[in-house]
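Below is one structure; the comments refer to it alone.
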Amino acid sequence: MAKCNFTIPFQGSAESLVAKAQTAIAQAGGTFNGSSSAGSFAISTPLGKVSGAYMVEGQGFNISIEDKPFLVGCGKIESTLREYLGKS
């Protein structure tokens, strides 16, 4: 069962959004596997690993966090991902 679920709306193509997500996660030292429709990711933080899956539906980037450190809140994960995806 997922620990966090949220959707980030986006403009433009799914391919562009997924490429941006892949670049941001790779630059942070994480792993990213997937396509423009669905995939998974993992990234290490000082408190532990955050891993999850995504699915693109229309103009929504649906994210399901499967594993996270107890001390890292869902809101922090969501705001960090929104920040990564907002960068050009």
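Each chain in the structure tokens gets a letter, A, B and so on, in the order shown; residues start at 1 in every chain, and ligands are counted from 1 in the order they appear.
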Legend entry - Near-stretch 37-39 of chain A list (8 Å; only C-alpha atoms; drop same-chain fewer than 5 positions) as a PyMOL selection string: chain A and resi 14+32+53-57
Could those selected residues go to a file with N, CA and C atoms, as an mmCIF file, in the first residue's frame?
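Produced file part-v6.cif, reproduced below:
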```cif
data_model
loop_
_atom_site.group_PDB
_atom_site.id
_atom_site.type_symbol
_atom_site.label_atom_id
_atom_site.label_comp_id
_atom_site.auth_asym_id
_atom_site.auth_seq_id
_atom_site.Cartn_x
_atom_site.Cartn_y
_atom_site.Cartn_z
ATOM 1 N N ALA A 14 3.725 14.959 -22.146
ATOM 2 C CA ALA A 14 4.140 14.016 -21.112
ATOM 3 C C ALA A 14 5.614 13.663 -21.291
ATOM 4 N N PHE A 32 15.821 6.261 -12.175
ATOM 5 C CA PHE A 32 14.535 6.518 -12.818
ATOM 6 C C PHE A 32 14.373 5.531 -13.958
ATOM 7 N N ALA A 53 6.315 5.199 -7.681
ATOM 8 C CA ALA A 53 5.941 4.958 -9.067
ATOM 9 C C ALA A 53 5.128 6.146 -9.546
ATOM 10 N N TYR A 54 5.055 6.279 -10.861
ATOM 11 C CA TYR A 54 4.249 7.350 -11.434
ATOM 12 C C TYR A 54 3.439 6.810 -12.604
ATOM 13 N N MET A 55 2.371 7.528 -12.901
ATOM 14 C CA MET A 55 1.552 7.238 -14.065
ATOM 15 C C MET A 55 1.054 8.575 -14.598
ATOM 16 N N VAL A 56 1.144 8.750 -15.901
ATOM 17 C CA VAL A 56 0.648 9.966 -16.530
ATOM 18 C C VAL A 56 -0.752 9.677 -17.055
ATOM 19 N N GLU A 57 -1.706 10.505 -16.631
ATOM 20 C CA GLU A 57 -3.089 10.382 -17.097
ATOM 21 C C GLU A 57 -3.546 11.762 -17.535
#
```
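Considering only C-alpha atoms, the residue among A:Ser35, A:Phe10, A:Lys3, A:Gln27 positioned nearest to A:Val72 is A:Lys3.
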Legend entry - Close residues, A:Gly12 itself excluded, 12 Å, only C-alpha atoms, min 6 positions apart in chain, as a ChimeraX atom specification: /A:18,20,58-61
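For A:Lys49, the non-local neighbours within 10 Å, defined as residues at least 3 positions apart in the same chain or in other chains and counting only C-alpha atoms, are Gly30, Ala42, Ile43, Ser44, Thr45, Pro46, Asp67, Lys68 and Pro69 of chain A.
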Inset, instruction - List every residue of chain A that DSSP, applied to the backbone of this structure, places in strand (DSSP E), and write the result as a PyMOL selection string. - result: chain A and resi 4-9+31-34+38-45+48-57+60-67
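Distances to A:Val50 were evaluated for A:Asn33, A:Cys4, A:Asn62, A:Gly86 using only C-alpha atoms, and the minimum falls at A:Cys4.
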